[in-house]
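Here is upload-v4.cif, consisting of mmCIF, N, CA and C atoms:
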```cif
data_model
#
loop_
_atom_site.label_atom_id
_atom_site.label_comp_id
_atom_site.auth_asym_id
_atom_site.auth_seq_id
_atom_site.Cartn_x
_atom_site.Cartn_y
_atom_site.Cartn_z
N MET K 1 -5.01 -34.82 -3.57
CA MET K 1 -4.06 -35.72 -2.95
C MET K 1 -2.96 -36.02 -3.97
N PRO K 2 -1.82 -35.31 -3.87
CA PRO K 2 -0.74 -35.57 -4.82
C PRO K 2 -0.04 -36.90 -4.55
N ARG K 3 0.17 -37.65 -5.61
CA ARG K 3 0.84 -38.94 -5.49
C ARG K 3 2.34 -38.81 -5.74
N ALA K 4 2.75 -37.71 -6.38
CA ALA K 4 4.16 -37.49 -6.67
C ALA K 4 4.52 -36.04 -6.35
N ARG K 5 5.82 -35.85 -6.07
CA ARG K 5 6.33 -34.50 -5.80
C ARG K 5 7.69 -34.38 -6.46
N TRP K 6 7.91 -33.27 -7.12
CA TRP K 6 9.19 -32.98 -7.75
C TRP K 6 9.52 -31.54 -7.41
N ASP K 7 10.51 -31.34 -6.55
CA ASP K 7 10.91 -30.00 -6.15
C ASP K 7 12.42 -29.96 -5.94
N LYS K 8 12.92 -28.88 -5.33
CA LYS K 8 14.36 -28.73 -5.16
C LYS K 8 14.98 -29.80 -4.27
N THR K 9 14.15 -30.51 -3.47
CA THR K 9 14.69 -31.57 -2.61
C THR K 9 14.80 -32.90 -3.35
N GLY K 10 14.15 -33.03 -4.51
CA GLY K 10 14.23 -34.25 -5.29
C GLY K 10 12.87 -34.72 -5.78
N ILE K 11 12.80 -36.00 -6.13
CA ILE K 11 11.58 -36.61 -6.66
C ILE K 11 11.11 -37.67 -5.68
N ALA K 12 9.79 -37.70 -5.43
CA ALA K 12 9.20 -38.73 -4.57
C ALA K 12 7.89 -39.19 -5.18
N ILE K 13 7.62 -40.50 -5.11
CA ILE K 13 6.39 -41.08 -5.67
C ILE K 13 5.80 -42.04 -4.64
N ALA K 14 4.50 -41.87 -4.35
CA ALA K 14 3.80 -42.75 -3.41
C ALA K 14 3.03 -43.81 -4.16
N ARG K 15 2.67 -44.87 -3.45
CA ARG K 15 1.81 -45.91 -4.02
C ARG K 15 0.47 -45.30 -4.40
N GLU K 16 -0.20 -45.94 -5.36
CA GLU K 16 -1.51 -45.48 -5.79
C GLU K 16 -2.44 -45.42 -4.59
N GLY K 17 -3.16 -44.31 -4.45
CA GLY K 17 -4.11 -44.14 -3.35
C GLY K 17 -3.52 -43.48 -2.11
N PHE K 18 -2.22 -43.14 -2.13
CA PHE K 18 -1.57 -42.52 -0.99
C PHE K 18 -1.06 -41.14 -1.34
N ASP K 19 -1.17 -40.21 -0.40
CA ASP K 19 -0.68 -38.85 -0.55
C ASP K 19 0.82 -38.85 -0.26
N ILE K 20 1.60 -38.31 -1.15
CA ILE K 20 3.06 -38.31 -1.00
C ILE K 20 3.50 -37.57 0.25
N ASP K 21 2.73 -36.56 0.69
CA ASP K 21 3.12 -35.76 1.86
C ASP K 21 2.78 -36.42 3.19
N THR K 22 1.90 -37.43 3.18
CA THR K 22 1.51 -38.07 4.45
C THR K 22 1.76 -39.58 4.46
N ALA K 23 2.20 -40.15 3.36
CA ALA K 23 2.39 -41.61 3.26
C ALA K 23 3.55 -42.07 4.15
N SER K 24 3.39 -43.26 4.75
CA SER K 24 4.48 -43.85 5.53
C SER K 24 5.55 -44.35 4.56
N GLN K 25 6.74 -44.64 5.08
CA GLN K 25 7.85 -45.09 4.24
C GLN K 25 7.49 -46.34 3.45
N SER K 26 6.68 -47.23 4.02
CA SER K 26 6.31 -48.46 3.31
C SER K 26 5.41 -48.20 2.12
N ASN K 27 4.82 -47.00 2.04
CA ASN K 27 3.95 -46.65 0.91
C ASN K 27 4.61 -45.68 -0.06
N ILE K 28 5.91 -45.48 0.09
CA ILE K 28 6.68 -44.66 -0.85
C ILE K 28 7.36 -45.61 -1.83
N LEU K 29 7.05 -45.46 -3.12
CA LEU K 29 7.66 -46.31 -4.14
C LEU K 29 9.05 -45.84 -4.51
N PHE K 30 9.26 -44.52 -4.53
CA PHE K 30 10.55 -43.98 -4.93
C PHE K 30 10.77 -42.66 -4.22
N ASN K 31 12.01 -42.46 -3.75
CA ASN K 31 12.42 -41.19 -3.19
C ASN K 31 13.88 -41.00 -3.57
N SER K 32 14.17 -39.97 -4.36
CA SER K 32 15.53 -39.77 -4.86
C SER K 32 16.51 -39.44 -3.74
N ASN K 33 16.02 -39.09 -2.56
CA ASN K 33 16.88 -38.78 -1.42
C ASN K 33 16.99 -39.94 -0.44
N SER K 34 16.53 -41.10 -0.83
CA SER K 34 16.49 -42.23 0.07
C SER K 34 17.28 -43.40 -0.49
N SER K 35 17.69 -44.29 0.37
CA SER K 35 18.40 -45.48 -0.08
C SER K 35 17.47 -46.69 -0.02
N THR K 36 16.18 -46.48 -0.35
CA THR K 36 15.20 -47.57 -0.26
C THR K 36 15.35 -48.61 -1.37
N ARG K 37 16.08 -48.30 -2.38
CA ARG K 37 16.25 -49.22 -3.51
C ARG K 37 17.64 -49.83 -3.49
N ARG K 38 17.89 -50.76 -2.60
CA ARG K 38 19.19 -51.41 -2.57
C ARG K 38 19.29 -52.40 -3.73
N ILE K 39 20.47 -52.47 -4.32
CA ILE K 39 20.69 -53.33 -5.47
C ILE K 39 20.90 -54.77 -5.02
N TYR K 40 20.15 -55.69 -5.61
CA TYR K 40 20.27 -57.11 -5.33
C TYR K 40 21.24 -57.77 -6.30
N LEU K 41 21.14 -57.39 -7.58
CA LEU K 41 21.93 -58.04 -8.62
C LEU K 41 22.07 -57.06 -9.78
N GLN K 42 23.27 -56.97 -10.34
CA GLN K 42 23.47 -56.13 -11.51
C GLN K 42 24.53 -56.75 -12.40
N GLY K 43 24.49 -56.39 -13.67
CA GLY K 43 25.48 -56.94 -14.57
C GLY K 43 25.11 -56.70 -16.02
N THR K 44 25.74 -57.45 -16.89
CA THR K 44 25.44 -57.40 -18.32
C THR K 44 25.27 -58.83 -18.82
N ILE K 45 24.54 -58.97 -19.91
CA ILE K 45 24.33 -60.26 -20.53
C ILE K 45 24.17 -60.05 -22.03
N ALA K 46 24.78 -60.91 -22.81
CA ALA K 46 24.71 -60.80 -24.27
C ALA K 46 23.29 -61.09 -24.76
N PHE K 47 22.93 -60.50 -25.90
CA PHE K 47 21.65 -60.80 -26.52
C PHE K 47 21.56 -62.29 -26.76
N GLY K 48 20.39 -62.85 -26.54
CA GLY K 48 20.16 -64.24 -26.89
C GLY K 48 19.78 -64.32 -28.36
N GLY K 49 19.32 -65.47 -28.78
CA GLY K 49 18.92 -65.64 -30.17
C GLY K 49 17.56 -65.01 -30.44
N ALA K 50 17.22 -64.94 -31.71
CA ALA K 50 15.92 -64.40 -32.11
C ALA K 50 14.81 -65.32 -31.63
N VAL K 51 13.70 -64.73 -31.19
CA VAL K 51 12.56 -65.51 -30.71
C VAL K 51 11.30 -65.07 -31.43
N SER K 52 10.31 -65.92 -31.42
CA SER K 52 9.00 -65.56 -31.97
C SER K 52 8.18 -64.95 -30.85
N ILE K 53 7.75 -63.73 -31.06
CA ILE K 53 6.94 -63.03 -30.05
C ILE K 53 5.98 -62.10 -30.78
N GLY K 54 4.73 -62.18 -30.45
CA GLY K 54 3.74 -61.32 -31.08
C GLY K 54 3.64 -61.57 -32.57
N PRO K 55 3.06 -60.62 -33.30
CA PRO K 55 2.89 -60.81 -34.74
C PRO K 55 4.16 -60.58 -35.55
N PHE K 56 5.23 -60.11 -34.89
CA PHE K 56 6.47 -59.80 -35.60
C PHE K 56 7.52 -60.85 -35.27
N ASN K 57 7.28 -62.07 -35.76
CA ASN K 57 8.16 -63.20 -35.47
C ASN K 57 9.60 -62.92 -35.86
N ASN K 58 10.50 -63.41 -35.01
CA ASN K 58 11.94 -63.34 -35.24
C ASN K 58 12.49 -61.92 -35.34
N HIS K 59 11.81 -60.96 -34.73
CA HIS K 59 12.29 -59.58 -34.70
C HIS K 59 12.86 -59.21 -33.34
N TYR K 60 12.78 -60.09 -32.37
CA TYR K 60 13.27 -59.80 -31.02
C TYR K 60 14.45 -60.68 -30.66
N GLN K 61 15.38 -60.10 -29.90
CA GLN K 61 16.45 -60.85 -29.25
C GLN K 61 16.00 -61.03 -27.81
N LYS K 62 16.25 -62.19 -27.22
CA LYS K 62 15.82 -62.45 -25.84
C LYS K 62 16.99 -63.01 -25.03
N SER K 63 17.11 -62.53 -23.80
CA SER K 63 18.07 -63.06 -22.85
C SER K 63 17.36 -63.25 -21.52
N THR K 64 17.85 -64.20 -20.72
CA THR K 64 17.24 -64.47 -19.42
C THR K 64 18.32 -64.46 -18.34
N VAL K 65 18.06 -63.71 -17.27
CA VAL K 65 18.93 -63.70 -16.09
C VAL K 65 18.18 -64.45 -15.00
N THR K 66 18.75 -65.54 -14.50
CA THR K 66 18.12 -66.33 -13.44
C THR K 66 18.65 -65.85 -12.09
N PHE K 67 17.74 -65.60 -11.14
CA PHE K 67 18.14 -65.12 -9.82
C PHE K 67 18.71 -66.27 -8.99
N PRO K 68 19.79 -66.03 -8.25
CA PRO K 68 20.37 -67.08 -7.40
C PRO K 68 19.37 -67.60 -6.36
N THR K 69 18.55 -66.69 -5.82
CA THR K 69 17.52 -67.05 -4.85
C THR K 69 16.21 -66.42 -5.31
N PRO K 70 15.14 -67.19 -5.50
CA PRO K 70 13.87 -66.61 -5.94
C PRO K 70 13.29 -65.63 -4.92
N PHE K 71 12.56 -64.65 -5.40
CA PHE K 71 11.86 -63.68 -4.56
C PHE K 71 10.48 -64.22 -4.21
N ALA K 72 9.87 -63.69 -3.16
CA ALA K 72 8.50 -64.03 -2.82
C ALA K 72 7.55 -63.41 -3.85
N LYS K 73 7.89 -62.20 -4.32
CA LYS K 73 7.13 -61.50 -5.35
C LYS K 73 8.12 -60.98 -6.37
N ALA K 74 7.69 -60.77 -7.58
CA ALA K 74 8.58 -60.29 -8.65
C ALA K 74 9.20 -58.95 -8.25
N PRO K 75 10.53 -58.81 -8.38
CA PRO K 75 11.20 -57.57 -8.01
C PRO K 75 11.12 -56.52 -9.12
N GLN K 76 11.52 -55.32 -8.80
CA GLN K 76 11.63 -54.26 -9.80
C GLN K 76 13.03 -54.31 -10.39
N ALA K 77 13.13 -53.93 -11.66
CA ALA K 77 14.42 -53.95 -12.34
C ALA K 77 14.50 -52.81 -13.35
N LEU K 78 15.70 -52.39 -13.63
CA LEU K 78 15.98 -51.45 -14.71
C LEU K 78 16.81 -52.18 -15.75
N VAL K 79 16.60 -51.84 -17.00
CA VAL K 79 17.35 -52.50 -18.08
C VAL K 79 17.63 -51.50 -19.19
N ALA K 80 18.72 -51.71 -19.88
CA ALA K 80 19.09 -50.88 -21.02
C ALA K 80 19.89 -51.74 -21.98
N VAL K 81 20.06 -51.24 -23.20
CA VAL K 81 20.94 -51.89 -24.17
C VAL K 81 22.19 -51.03 -24.26
N LYS K 82 23.35 -51.65 -24.15
CA LYS K 82 24.61 -50.92 -24.19
C LYS K 82 25.06 -50.72 -25.63
N ASP K 83 25.32 -49.46 -25.99
CA ASP K 83 25.88 -49.13 -27.30
C ASP K 83 27.40 -49.13 -27.14
N ASN K 84 28.06 -50.13 -27.69
CA ASN K 84 29.51 -50.29 -27.51
C ASN K 84 30.33 -49.20 -28.19
N ASN K 85 29.83 -48.62 -29.28
CA ASN K 85 30.58 -47.57 -29.98
C ASN K 85 30.52 -46.24 -29.25
N LEU K 86 29.36 -45.88 -28.74
CA LEU K 86 29.18 -44.58 -28.09
C LEU K 86 29.39 -44.66 -26.58
N ASN K 87 29.56 -45.86 -26.05
CA ASN K 87 29.73 -46.09 -24.61
C ASN K 87 28.59 -45.42 -23.82
N LEU K 88 27.36 -45.72 -24.22
CA LEU K 88 26.19 -45.23 -23.51
C LEU K 88 25.14 -46.32 -23.49
N HIS K 89 24.11 -46.10 -22.70
CA HIS K 89 23.04 -47.08 -22.57
C HIS K 89 21.74 -46.52 -23.15
N LEU K 90 21.02 -47.31 -23.92
CA LEU K 90 19.73 -46.94 -24.50
C LEU K 90 18.65 -47.53 -23.60
N ILE K 91 17.77 -46.68 -23.08
CA ILE K 91 16.76 -47.15 -22.14
C ILE K 91 15.49 -47.56 -22.86
N PRO K 92 14.57 -48.27 -22.17
CA PRO K 92 13.34 -48.75 -22.83
C PRO K 92 12.54 -47.63 -23.47
N THR K 93 12.01 -47.94 -24.64
CA THR K 93 11.19 -47.01 -25.38
C THR K 93 10.29 -47.82 -26.32
N GLN K 94 9.41 -47.13 -27.03
CA GLN K 94 8.58 -47.81 -28.02
C GLN K 94 8.83 -47.19 -29.38
N ALA K 95 8.55 -47.95 -30.44
CA ALA K 95 8.74 -47.46 -31.81
C ALA K 95 7.56 -47.88 -32.66
N ILE K 96 7.28 -47.07 -33.69
CA ILE K 96 6.26 -47.45 -34.66
C ILE K 96 6.84 -48.57 -35.51
N VAL K 97 6.14 -49.68 -35.56
CA VAL K 97 6.66 -50.82 -36.34
C VAL K 97 5.77 -51.15 -37.53
N GLY K 98 4.70 -50.40 -37.71
CA GLY K 98 3.83 -50.65 -38.85
C GLY K 98 2.57 -49.82 -38.75
N GLY K 99 1.70 -49.99 -39.73
CA GLY K 99 0.44 -49.28 -39.72
C GLY K 99 -0.54 -49.92 -40.68
N GLN K 100 -1.81 -49.64 -40.46
CA GLN K 100 -2.84 -50.23 -41.31
C GLN K 100 -4.08 -49.35 -41.25
N THR K 101 -4.78 -49.23 -42.37
CA THR K 101 -6.03 -48.49 -42.40
C THR K 101 -7.17 -49.47 -42.14
N VAL K 102 -7.97 -49.15 -41.11
CA VAL K 102 -9.13 -49.96 -40.75
C VAL K 102 -10.33 -49.03 -40.68
N SER K 103 -11.37 -49.32 -41.46
CA SER K 103 -12.59 -48.50 -41.49
C SER K 103 -12.26 -47.02 -41.70
N SER K 104 -11.42 -46.74 -42.68
CA SER K 104 -11.03 -45.38 -43.08
C SER K 104 -10.17 -44.66 -42.04
N THR K 105 -9.69 -45.35 -41.02
CA THR K 105 -8.82 -44.74 -40.01
C THR K 105 -7.47 -45.44 -40.03
N PHE K 106 -6.40 -44.65 -40.09
CA PHE K 106 -5.05 -45.23 -40.09
C PHE K 106 -4.60 -45.45 -38.65
N TRP K 107 -4.19 -46.66 -38.33
CA TRP K 107 -3.72 -47.03 -37.00
C TRP K 107 -2.25 -47.39 -37.08
N GLU K 108 -1.45 -46.80 -36.19
CA GLU K 108 -0.04 -47.15 -36.11
C GLU K 108 0.14 -48.22 -35.05
N PHE K 109 1.06 -49.14 -35.28
CA PHE K 109 1.35 -50.19 -34.32
C PHE K 109 2.66 -49.88 -33.61
N TYR K 110 2.62 -49.92 -32.30
CA TYR K 110 3.81 -49.67 -31.50
C TYR K 110 4.22 -50.96 -30.79
N GLU K 111 5.50 -51.15 -30.65
CA GLU K 111 6.04 -52.26 -29.87
C GLU K 111 7.23 -51.75 -29.08
N PRO K 112 7.51 -52.38 -27.95
CA PRO K 112 8.70 -51.96 -27.20
C PRO K 112 9.97 -52.23 -27.99
N VAL K 113 10.92 -51.30 -27.92
CA VAL K 113 12.23 -51.52 -28.50
C VAL K 113 13.07 -52.32 -27.50
N ILE K 114 12.89 -52.01 -26.22
CA ILE K 114 13.55 -52.74 -25.14
C ILE K 114 12.48 -53.03 -24.10
N CYS K 115 12.44 -54.25 -23.61
CA CYS K 115 11.41 -54.63 -22.64
C CYS K 115 12.02 -55.56 -21.60
N ALA K 116 11.67 -55.35 -20.34
CA ALA K 116 12.11 -56.23 -19.25
C ALA K 116 10.87 -56.75 -18.54
N ILE K 117 10.82 -58.05 -18.33
CA ILE K 117 9.71 -58.67 -17.60
C ILE K 117 10.31 -59.43 -16.43
N THR K 118 9.90 -59.07 -15.20
CA THR K 118 10.44 -59.75 -14.03
C THR K 118 9.46 -60.81 -13.54
N PHE K 119 10.04 -61.91 -13.10
CA PHE K 119 9.31 -63.00 -12.46
C PHE K 119 9.97 -63.22 -11.10
N THR K 120 9.45 -64.10 -10.29
CA THR K 120 10.05 -64.33 -8.98
C THR K 120 11.43 -64.98 -9.09
N ASP K 121 11.69 -65.69 -10.18
CA ASP K 121 12.95 -66.43 -10.31
C ASP K 121 13.86 -65.97 -11.44
N ARG K 122 13.41 -64.99 -12.25
CA ARG K 122 14.22 -64.59 -13.40
C ARG K 122 13.79 -63.22 -13.93
N LEU K 123 14.66 -62.68 -14.77
CA LEU K 123 14.42 -61.44 -15.50
C LEU K 123 14.55 -61.78 -16.97
N GLU K 124 13.49 -61.54 -17.76
CA GLU K 124 13.54 -61.77 -19.19
C GLU K 124 13.71 -60.43 -19.89
N LEU K 125 14.68 -60.36 -20.79
CA LEU K 125 15.02 -59.14 -21.50
C LEU K 125 14.79 -59.33 -22.99
N TYR K 126 14.09 -58.37 -23.59
CA TYR K 126 13.79 -58.43 -25.02
C TYR K 126 14.22 -57.12 -25.68
N THR K 127 14.66 -57.20 -26.93
CA THR K 127 14.93 -56.00 -27.71
C THR K 127 14.63 -56.26 -29.18
N ARG K 128 14.19 -55.20 -29.87
CA ARG K 128 13.98 -55.28 -31.32
C ARG K 128 15.27 -54.97 -32.08
N TYR K 129 16.30 -54.50 -31.38
CA TYR K 129 17.56 -54.22 -32.05
C TYR K 129 18.15 -55.50 -32.61
N ALA K 130 18.69 -55.41 -33.80
CA ALA K 130 19.36 -56.56 -34.39
C ALA K 130 20.71 -56.75 -33.72
N LEU K 131 21.13 -57.98 -33.61
CA LEU K 131 22.42 -58.30 -33.03
C LEU K 131 23.53 -57.79 -33.94
N THR K 132 24.31 -56.83 -33.44
CA THR K 132 25.45 -56.27 -34.18
C THR K 132 26.61 -56.09 -33.20
N ALA K 133 27.77 -55.76 -33.72
CA ALA K 133 28.92 -55.50 -32.84
C ALA K 133 28.64 -54.27 -31.97
N THR K 134 27.88 -53.31 -32.50
CA THR K 134 27.56 -52.09 -31.75
C THR K 134 26.55 -52.37 -30.66
N LEU K 135 25.50 -53.12 -30.97
CA LEU K 135 24.43 -53.42 -30.02
C LEU K 135 24.39 -54.92 -29.80
N SER K 136 24.89 -55.37 -28.67
CA SER K 136 24.95 -56.81 -28.45
C SER K 136 24.74 -57.21 -26.99
N THR K 137 24.59 -56.22 -26.09
CA THR K 137 24.58 -56.52 -24.66
C THR K 137 23.49 -55.75 -23.92
N PHE K 138 22.80 -56.44 -23.01
CA PHE K 138 21.89 -55.79 -22.07
C PHE K 138 22.66 -55.44 -20.81
N ALA K 139 22.34 -54.32 -20.18
CA ALA K 139 22.81 -54.01 -18.83
C ALA K 139 21.56 -54.05 -17.96
N TYR K 140 21.66 -54.63 -16.76
CA TYR K 140 20.48 -54.76 -15.92
C TYR K 140 20.83 -54.49 -14.45
N CYS K 141 19.81 -54.12 -13.70
CA CYS K 141 19.94 -53.86 -12.28
C CYS K 141 18.63 -54.31 -11.62
N VAL K 142 18.70 -55.26 -10.71
CA VAL K 142 17.53 -55.78 -10.00
C VAL K 142 17.60 -55.29 -8.56
N PHE K 143 16.48 -54.78 -8.05
CA PHE K 143 16.44 -54.22 -6.71
C PHE K 143 15.93 -55.22 -5.68
N GLU K 144 16.40 -55.07 -4.44
CA GLU K 144 16.03 -56.00 -3.37
C GLU K 144 14.55 -56.00 -3.04
N ASN K 145 13.96 -54.82 -2.89
CA ASN K 145 12.58 -54.78 -2.44
C ASN K 145 11.63 -55.20 -3.54
N SER K 146 10.65 -56.04 -3.20
CA SER K 146 9.70 -56.58 -4.16
C SER K 146 8.54 -55.64 -4.37
N THR K 147 7.91 -55.78 -5.52
CA THR K 147 6.68 -55.03 -5.79
C THR K 147 5.53 -55.71 -5.09
N ASP K 148 4.49 -54.97 -4.81
CA ASP K 148 3.30 -55.56 -4.17
C ASP K 148 2.28 -55.96 -5.19
#
```

Could I get this structure in the form of structure tokens?
Amino acid sequence: MPRARWDKTGIAIAREGFDIDTASQSNILFNSNSSTRRIYLQGTIAFGGAVSIGPFNNHYQKSTVTFPTPFAKAPQALVAVKDNNLNLHLIPTQAIVGGQTVSSTFWEFYEPVICAITFTDRLELYTRYALTATLSTFAYCVFENSTD
């Protein structure tokens, strides 16, 4: 039972437990040939101040976008950091931020470089990038349909 399909017609992804070839439209999470993801809100917002998060205090910038009208369930969103010099957007990724040997095994620690957390009333944006003239702004896009 394939949950995703990628062919010459595009990309399609079904909800967990559903076959992409037989799932109803309400059980399709993404279809590159469909307009199921209407945009609710989009824009840019400057990095907020440094915040304490996790074991790496004061290494994250945080910004919050408050929704004009709260959702019944947290919506899906895309986020990136805008590089002002190259005029491009850096999408979420993870980076090695440290390492430690425990019981003769070396473990690397990963943290998100860019992270978006959606709530019913807001979108919280985090980045490990330092505030600079080059990197100073989040770009975001919130979709109308809510996650289940």

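The space between atom C of Ile45 in chain K and atom N of Leu90 in chain K spans 13.3 Å.
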
Starting from the point (17.6, -61.9, -17.1), work out which residues of protein, DNA or RNA have an atom no more than 7 Å away when counting only C-alpha atoms; state them as a short mmCIF file (atom, residue, chain, number, x, y, z; two decimals) with N, CA and C atoms, in the coordinates of the input.
```cif
data_model
loop_
_atom_site.label_atom_id
_atom_site.label_comp_id
_atom_site.auth_asym_id
_atom_site.auth_seq_id
_atom_site.Cartn_x
_atom_site.Cartn_y
_atom_site.Cartn_z
N SER K 63 17.11 -62.53 -23.80
CA SER K 63 18.07 -63.06 -22.85
C SER K 63 17.36 -63.25 -21.52
N THR K 64 17.85 -64.20 -20.72
CA THR K 64 17.24 -64.47 -19.42
C THR K 64 18.32 -64.46 -18.34
N VAL K 65 18.06 -63.71 -17.27
CA VAL K 65 18.93 -63.70 -16.09
C VAL K 65 18.18 -64.45 -15.00
N THR K 66 18.75 -65.54 -14.50
CA THR K 66 18.12 -66.33 -13.44
C THR K 66 18.65 -65.85 -12.09
N ARG K 122 13.41 -64.99 -12.25
CA ARG K 122 14.22 -64.59 -13.40
C ARG K 122 13.79 -63.22 -13.93
N LEU K 123 14.66 -62.68 -14.77
CA LEU K 123 14.42 -61.44 -15.50
C LEU K 123 14.55 -61.78 -16.97
N GLU K 124 13.49 -61.54 -17.76
CA GLU K 124 13.54 -61.77 -19.19
C GLU K 124 13.71 -60.43 -19.89
N LEU K 125 14.68 -60.36 -20.79
CA LEU K 125 15.02 -59.14 -21.50
C LEU K 125 14.79 -59.33 -22.99
#
```

task: Please measure the separation of CA of Val51 in chain K and atom C of Phe119 in chain K, giving the value in Å to one decimal.
output: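 Going from CA of Val51 in chain K over to atom C of Phe119 in chain K covers 19.9 Å.
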
message: Please enumerate the residues selected by the PyMOL selection byres ((chain K and resi 15-26) around 7) when evaluated against the supplied file, formatted as a ChimeraX atom specification.
response: /K:1-5,12-14,27-30

- request: From a DSSP calculation on the backbone, collect every residue of range 1-97 of chain K in strand (DSSP E or B) and output the set as a ChimeraX atom specification.
  value: /K:4-7,10-14,28-31,39-46,50-51,60-66,75-83,88-90,94-97

field: Given only C-alpha atoms as the counted atoms, nearest of K:Thr69, K:Thr101, K:Gln61, K:Ser32 to Arg128 in chain K
entry: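 Counting only C-alpha atoms, the residue closest to Arg128 in chain K is K:Gln61.
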
query: Interatomic distance between CA of Asp83 in chain K and CA of Ala46 in chain K?
result: 12.1 Å

query: Which residues match the PyMOL selection byres (((chain K and resi 49 and name CA) around 9) and name CA) in the file above, as a list in words?
result: Phe47, Gly48, Ala50, Val51, Asn58, Tyr60, Gln61, Lys62, Ser63 and Leu131 of chain K

Write the selection just made, keeping N, CA and C atoms, as a PDB file, keeping the file's coordinate frame?
```pdb
ATOM      1  N   PHE K  47      22.930 -60.500 -25.900  1.00  0.00           N
ATOM      2  CA  PHE K  47      21.650 -60.800 -26.520  1.00  0.00           C
ATOM      3  C   PHE K  47      21.560 -62.290 -26.760  1.00  0.00           C
ATOM      4  N   GLY K  48      20.390 -62.850 -26.540  1.00  0.00           N
ATOM      5  CA  GLY K  48      20.160 -64.240 -26.890  1.00  0.00           C
ATOM      6  C   GLY K  48      19.780 -64.320 -28.360  1.00  0.00           C
ATOM      7  N   ALA K  50      17.220 -64.940 -31.710  1.00  0.00           N
ATOM      8  CA  ALA K  50      15.920 -64.400 -32.110  1.00  0.00           C
ATOM      9  C   ALA K  50      14.810 -65.320 -31.630  1.00  0.00           C
ATOM     10  N   VAL K  51      13.700 -64.730 -31.190  1.00  0.00           N
ATOM     11  CA  VAL K  51      12.560 -65.510 -30.710  1.00  0.00           C
ATOM     12  C   VAL K  51      11.300 -65.070 -31.430  1.00  0.00           C
ATOM     13  N   ASN K  58      10.500 -63.410 -35.010  1.00  0.00           N
ATOM     14  CA  ASN K  58      11.940 -63.340 -35.240  1.00  0.00           C
ATOM     15  C   ASN K  58      12.490 -61.920 -35.340  1.00  0.00           C
ATOM     16  N   TYR K  60      12.780 -60.090 -32.370  1.00  0.00           N
ATOM     17  CA  TYR K  60      13.270 -59.800 -31.020  1.00  0.00           C
ATOM     18  C   TYR K  60      14.450 -60.680 -30.660  1.00  0.00           C
ATOM     19  N   GLN K  61      15.380 -60.100 -29.900  1.00  0.00           N
ATOM     20  CA  GLN K  61      16.450 -60.850 -29.250  1.00  0.00           C
ATOM     21  C   GLN K  61      16.000 -61.030 -27.810  1.00  0.00           C
ATOM     22  N   LYS K  62      16.250 -62.190 -27.220  1.00  0.00           N
ATOM     23  CA  LYS K  62      15.820 -62.450 -25.840  1.00  0.00           C
ATOM     24  C   LYS K  62      16.990 -63.010 -25.030  1.00  0.00           C
ATOM     25  N   SER K  63      17.110 -62.530 -23.800  1.00  0.00           N
ATOM     26  CA  SER K  63      18.070 -63.060 -22.850  1.00  0.00           C
ATOM     27  C   SER K  63      17.360 -63.250 -21.520  1.00  0.00           C
ATOM     28  N   LEU K 131      21.130 -57.980 -33.610  1.00  0.00           N
ATOM     29  CA  LEU K 131      22.420 -58.300 -33.030  1.00  0.00           C
ATOM     30  C   LEU K 131      23.530 -57.790 -33.940  1.00  0.00           C
TER      31      LEU K 131
END
```

- prompt: Of the residues K:Val142, K:Val113, K:Ser136, K:Gly10, which is the one nearest to His59 in chain K, using only C-alpha atoms?
  reply: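 Nearest to His59 in chain K: K:Val113.
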